[in-house]
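*Asks:* Dropping in model32.cif, with mmCIF, C-alpha atoms.
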```cif
data_model
#
loop_
_atom_site.group_PDB
_atom_site.id
_atom_site.type_symbol
_atom_site.label_atom_id
_atom_site.label_comp_id
_atom_site.auth_asym_id
_atom_site.auth_seq_id
_atom_site.Cartn_x
_atom_site.Cartn_y
_atom_site.Cartn_z
ATOM 1 C CA MET A 1 77.961 119.886 114.480
ATOM 2 C CA SER A 2 78.776 119.451 118.169
ATOM 3 C CA ASN A 3 82.205 118.293 119.357
ATOM 4 C CA GLN A 4 80.590 115.145 120.791
ATOM 5 C CA LYS A 5 79.081 114.234 117.393
ATOM 6 C CA ARG A 6 82.395 115.002 115.632
ATOM 7 C CA SER A 7 84.358 112.807 118.029
ATOM 8 C CA GLY A 8 81.794 109.991 117.603
ATOM 9 C CA ILE A 9 82.082 110.154 113.809
ATOM 10 C CA LEU A 10 85.873 110.379 114.025
ATOM 11 C CA GLY A 11 85.905 107.344 116.356
ATOM 12 C CA PHE A 12 83.903 105.313 113.842
ATOM 13 C CA ALA A 13 86.164 106.436 110.984
ATOM 14 C CA LEU A 14 89.380 105.625 112.866
ATOM 15 C CA TYR A 15 88.001 102.288 113.991
ATOM 16 C CA PHE A 16 87.166 101.181 110.480
ATOM 17 C CA SER A 17 90.354 102.467 108.898
ATOM 18 C CA CYS A 18 92.082 99.573 110.696
ATOM 19 C CA PHE A 19 89.610 96.960 109.457
ATOM 20 C CA SER A 20 89.843 95.817 105.865
ATOM 21 C CA VAL A 21 87.189 93.578 104.367
ATOM 22 C CA ASP A 22 89.695 92.083 101.928
ATOM 23 C CA LEU A 23 87.747 89.249 100.342
ATOM 24 C CA VAL A 24 88.672 88.233 96.786
ATOM 25 C CA ALA A 25 89.467 91.672 95.494
ATOM 26 C CA LEU A 26 91.548 94.041 93.530
ATOM 27 C CA ASP A 27 94.807 94.610 95.400
ATOM 28 C CA SER A 28 93.987 98.309 95.519
ATOM 29 C CA ASP A 29 90.743 97.651 97.454
ATOM 30 C CA ARG A 30 92.666 96.993 100.678
ATOM 31 C CA GLU A 31 94.270 100.413 100.400
ATOM 32 C CA GLN A 32 90.961 102.232 100.009
ATOM 33 C CA PRO A 33 89.034 103.780 102.885
ATOM 34 C CA ILE A 34 85.913 102.051 104.148
ATOM 35 C CA GLN A 35 82.755 104.118 103.927
ATOM 36 C CA ILE A 36 79.567 103.064 105.707
ATOM 37 C CA GLU A 37 76.175 104.672 105.348
ATOM 38 C CA ALA A 38 73.245 103.671 107.564
ATOM 39 C CA ASP A 39 70.191 105.069 109.276
ATOM 40 C CA ILE A 40 71.629 104.250 112.720
ATOM 41 C CA ALA A 41 75.145 103.468 114.014
ATOM 42 C CA VAL A 42 75.766 102.187 117.559
ATOM 43 C CA ARG A 43 79.116 101.179 119.050
ATOM 44 C CA ASP A 44 78.978 99.129 122.246
ATOM 45 C CA GLU A 45 82.459 98.881 123.779
ATOM 46 C CA ARG A 46 81.405 96.454 126.508
ATOM 47 C CA ALA A 47 79.787 94.031 124.049
ATOM 48 C CA GLY A 48 82.667 94.433 121.586
ATOM 49 C CA GLU A 49 80.301 95.269 118.747
ATOM 50 C CA THR A 50 79.464 98.045 116.328
ATOM 51 C CA ARG A 51 76.061 97.857 114.622
ATOM 52 C CA TYR A 52 74.807 99.696 111.571
ATOM 53 C CA GLU A 53 71.072 99.462 110.948
ATOM 54 C CA GLY A 54 68.707 100.506 108.188
ATOM 55 C CA ASN A 55 69.636 100.570 104.493
ATOM 56 C CA VAL A 56 73.298 99.895 105.246
ATOM 57 C CA ILE A 57 75.838 100.349 102.452
ATOM 58 C CA LEU A 58 79.505 99.502 103.053
ATOM 59 C CA THR A 59 82.006 100.331 100.313
ATOM 60 C CA GLN A 60 85.753 99.860 100.058
ATOM 61 C CA GLY A 61 87.251 100.213 96.602
ATOM 62 C CA SER A 62 85.337 97.802 94.349
ATOM 63 C CA LEU A 63 83.641 96.107 97.337
ATOM 64 C CA ARG A 64 80.014 97.009 98.026
ATOM 65 C CA ILE A 65 77.916 95.316 100.711
ATOM 66 C CA THR A 66 74.268 96.218 101.169
ATOM 67 C CA ALA A 67 72.226 94.942 104.099
ATOM 68 C CA ASP A 68 69.480 95.737 106.550
ATOM 69 C CA LEU A 69 72.017 95.358 109.363
ATOM 70 C CA ILE A 70 75.803 95.074 109.546
ATOM 71 C CA SER A 71 77.360 94.050 112.842
ATOM 72 C CA ILE A 72 81.102 94.127 113.413
ATOM 73 C CA LYS A 73 82.504 92.145 116.351
ATOM 74 C CA HIS A 74 85.817 93.234 117.786
ATOM 75 C CA ASP A 75 88.088 92.577 120.699
ATOM 76 C CA SER A 76 90.598 94.981 122.189
ATOM 77 C CA ALA A 77 93.126 94.258 119.428
ATOM 78 C CA ALA A 78 91.099 94.344 116.216
ATOM 79 C CA ALA A 79 87.835 93.658 114.444
ATOM 80 C CA ASP A 80 87.465 90.008 113.540
ATOM 81 C CA LYS A 81 83.932 89.324 112.326
ATOM 82 C CA ILE A 82 81.536 91.201 110.098
ATOM 83 C CA LEU A 83 77.961 89.981 109.813
ATOM 84 C CA ALA A 84 75.553 91.393 107.221
ATOM 85 C CA THR A 85 71.894 90.397 107.258
ATOM 86 C CA GLY A 86 69.120 91.318 104.876
ATOM 87 C CA GLU A 87 66.374 90.182 102.553
ATOM 88 C CA PRO A 88 68.885 89.470 101.043
ATOM 89 C CA ALA A 89 72.208 91.008 102.001
ATOM 90 C CA THR A 90 74.406 91.466 98.924
ATOM 91 C CA LEU A 91 78.118 91.622 98.249
ATOM 92 C CA VAL A 92 79.583 92.760 94.931
ATOM 93 C CA GLN A 93 83.332 92.916 94.317
ATOM 94 C CA GLN A 94 85.768 93.040 91.413
ATOM 95 C CA PRO A 95 88.283 90.174 91.934
ATOM 96 C CA ALA A 96 90.777 91.431 89.325
ATOM 97 C CA SER A 97 90.819 94.171 86.714
ATOM 98 C CA ASP A 98 90.396 91.622 83.896
ATOM 99 C CA GLN A 99 87.583 89.651 85.572
ATOM 100 C CA ALA A 100 83.845 90.209 85.854
ATOM 101 C CA PRO A 101 82.565 91.261 89.290
ATOM 102 C CA VAL A 102 81.502 88.588 91.768
ATOM 103 C CA ASP A 103 77.900 89.100 92.853
ATOM 104 C CA ALA A 104 76.922 87.258 96.049
ATOM 105 C CA SER A 105 73.755 87.286 98.105
ATOM 106 C CA ALA A 106 72.263 85.508 101.106
ATOM 107 C CA ARG A 107 70.096 86.314 104.059
ATOM 108 C CA GLN A 108 73.298 86.300 106.123
ATOM 109 C CA ILE A 109 76.851 87.032 104.987
ATOM 110 C CA GLU A 110 79.698 86.477 107.460
ATOM 111 C CA TYR A 111 83.344 87.395 107.065
ATOM 112 C CA ILE A 112 85.645 85.989 109.739
ATOM 113 C CA ARG A 113 89.007 87.662 109.321
ATOM 114 C CA SER A 114 91.022 85.353 111.620
ATOM 115 C CA GLU A 115 89.906 82.341 109.567
ATOM 116 C CA ASP A 116 89.957 84.174 106.212
ATOM 117 C CA LEU A 117 86.458 82.775 105.708
ATOM 118 C CA VAL A 118 83.426 84.175 103.886
ATOM 119 C CA ARG A 119 80.213 82.330 104.695
ATOM 120 C CA LEU A 120 76.885 82.839 102.891
ATOM 121 C CA ILE A 121 73.932 81.377 104.800
ATOM 122 C CA ASP A 122 70.281 80.880 103.797
ATOM 123 C CA GLU A 123 69.399 81.311 100.128
ATOM 124 C CA ALA A 124 73.097 81.654 99.277
ATOM 125 C CA ARG A 125 74.045 82.548 95.717
ATOM 126 C CA ILE A 126 77.267 83.540 93.955
ATOM 127 C CA ALA A 127 77.311 84.654 90.317
ATOM 128 C CA GLN A 128 80.176 85.702 88.065
ATOM 129 C CA ASP A 129 80.294 86.104 84.321
ATOM 130 C CA GLY A 130 77.126 84.056 83.777
ATOM 131 C CA SER A 131 78.107 81.171 86.079
ATOM 132 C CA VAL A 132 75.963 80.703 89.190
ATOM 133 C CA LEU A 133 76.411 78.624 92.348
ATOM 134 C CA SER A 134 73.474 78.432 94.740
ATOM 135 C CA GLY A 135 72.517 76.483 97.826
ATOM 136 C CA ASP A 136 71.619 76.960 101.449
ATOM 137 C CA ARG A 137 75.199 77.566 102.570
ATOM 138 C CA ILE A 138 78.369 78.516 100.717
ATOM 139 C CA GLU A 139 81.753 78.851 102.414
ATOM 140 C CA TYR A 140 84.817 80.363 100.796
ATOM 141 C CA LEU A 141 88.275 80.027 102.357
ATOM 142 C CA VAL A 142 89.954 83.077 100.861
ATOM 143 C CA THR A 143 93.649 82.188 101.178
ATOM 144 C CA GLN A 144 93.064 78.607 100.022
ATOM 145 C CA ARG A 145 90.679 79.708 97.225
ATOM 146 C CA LYS A 146 88.438 76.816 98.235
ATOM 147 C CA VAL A 147 84.632 76.847 97.973
ATOM 148 C CA LYS A 148 82.272 74.473 99.739
ATOM 149 C CA ALA A 149 78.527 74.585 99.089
ATOM 150 C CA ALA A 150 75.660 72.744 100.787
ATOM 151 C CA GLY A 151 72.121 72.495 99.507
ATOM 152 C CA THR A 152 68.821 73.243 101.111
ATOM 153 C CA PRO A 153 67.585 70.188 103.007
ATOM 154 C CA GLY A 154 64.494 68.709 101.370
ATOM 155 C CA ALA A 155 61.749 66.456 102.669
ATOM 156 C CA GLY A 156 64.150 63.470 102.475
ATOM 157 C CA GLY A 157 66.806 65.330 104.469
ATOM 158 C CA GLU A 158 69.102 65.611 101.438
ATOM 159 C CA GLY A 159 70.076 69.069 100.229
ATOM 160 C CA ARG A 160 70.987 70.002 96.698
ATOM 161 C CA VAL A 161 73.466 72.500 95.318
ATOM 162 C CA GLU A 162 72.842 74.002 91.904
ATOM 163 C CA VAL A 163 75.598 75.088 89.524
ATOM 164 C CA VAL A 164 74.919 76.781 86.205
ATOM 165 C CA ILE A 165 77.822 77.221 83.763
ATOM 166 C CA PRO A 166 77.101 78.923 80.428
ATOM 167 C CA PRO A 167 78.524 77.166 77.331
ATOM 168 C CA GLU A 168 80.904 80.040 76.561
ATOM 169 C CA ASN A 169 82.529 79.621 79.998
ATOM 170 C CA LEU A 170 83.128 75.927 79.263
ATOM 171 C CA ARG A 171 85.021 76.786 76.076
ATOM 172 C CA ARG A 172 87.561 79.068 77.772
ATOM 173 C CA PRO A 173 91.069 77.683 78.118
ATOM 174 C CA PRO A 174 92.128 77.001 81.728
ATOM 175 C CA GLY A 175 93.600 80.058 83.471
ATOM 176 C CA ASN A 176 91.653 82.571 81.386
ATOM 177 C CA ASP A 177 88.938 83.256 83.952
#
```
Starting from the file, give its structure as structure tokens.
*Replies:*
Amino acid sequence: MSNQKRSGILGFALYFSCFSVDLVALDSDREQPIQIEADIAVRDERAGETRYEGNVILTQGSLRITADLISIKHDSAAADKILATGEPATLVQQPASDQAPVDASARQIEYIRSEDLVRLIDEARIAQDGSVLSGDRIEYLVTQRKVKAAGTPGAGGEGRVEVVIPPENLRRPPGND
């Protein structure tokens, strides 16, 4: 491997070691290295963007994002926005050791670090332990643990959100999820 290729790979590795995709996750996830696999990786310093294209897989601890394309926007200080697109893009993560993994998908998944916001856009779906939330757009404010979902607009202009909660999840005492 040439020195130029080594320094390019090292630059990508160092860049991402400073950027943690710490959604709702095991505490240990933030301490894990980020690994990205893709067919193509391009970093554009002038545009403030790094793009990974083709069968992209990003892992960090229990977090796994798969997408056709992952774009990471950054300024001189740090990376602030990750955008995953696919048919669909998926995100799977273990929120706590005693909880089932969260499985999310959408045609576009955004994580905006400065706002602590995860946004699922277009055919958005989140599932965990048999419960499912789906709509056109789902936003999750991580620090506030607040979810907002909007439905797909229909012919009348009104969108609908669908929530499915299995009976066994309704019988659990509060705080045992």
*Asks:* Residues at most 10 Å from stretch 64-74 of chain A, counting all atoms listed in the file, excluding those fewer than 5 positions away in the same chain, as a ChimeraX atom specification?
*Replies:* /A:16,19,34-45,47-59,79-94,103-112
*Asks:* Using only C-alpha atoms, can you tell me which of A:Pro33, A:Gly135, A:Pro101, A:Pro95 comes closest to A:Asp122?
*Replies:*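 Using only C-alpha atoms, the shortest distance to A:Asp122 belongs to A:Gly135.
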*Asks:* The PyMOL selection byres ((chain A and resi 138-141) around 7) - which residues does that actually catch in the file I just gave you? List them as a list in words.
*Replies:*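 Output of the PyMOL selection byres ((chain A and resi 138-141) around 7): Asp116, Leu117, Val118, Arg119, Leu120, Ile121, Ala124, Gly135, Asp136, Arg137, Val142, Thr143, Gln144, Arg145, Lys146, Val147, Lys148, Ala149 and Ala150 of chain A.
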*Asks:* For atom CA of A:Leu63 and atom CA of A:Asp29, quote the distance in Å rounded to one decimal.
*Replies:*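 Atom CA of A:Asp29 lies at a distance of 7.3 Å from atom CA of A:Leu63.
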*Asks:* Which value, in Å to one decimal, gives the distance between atom CA of A:Val164 and atom CA of A:Ser62?
*Replies:*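 Answer for the atom CA of A:Val164 to atom CA of A:Ser62 separation: 24.8 Å.
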*Asks:* One decimal, in Å: what's the spacing between atom CA of A:Arg30 and atom CA of A:Ala127?
*Replies:*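 Pair atom CA of A:Arg30 / atom CA of A:Ala127 returns 22.3 Å.
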*Asks:* Please identify all polymer residues lying at most 9 Å from the point (78.0, 83.5, 90.1) (file coordinates), using all atoms listed in the file, and present the result as a ChimeraX atom specification.
*Replies:* /A:102-104,125-134,163-165
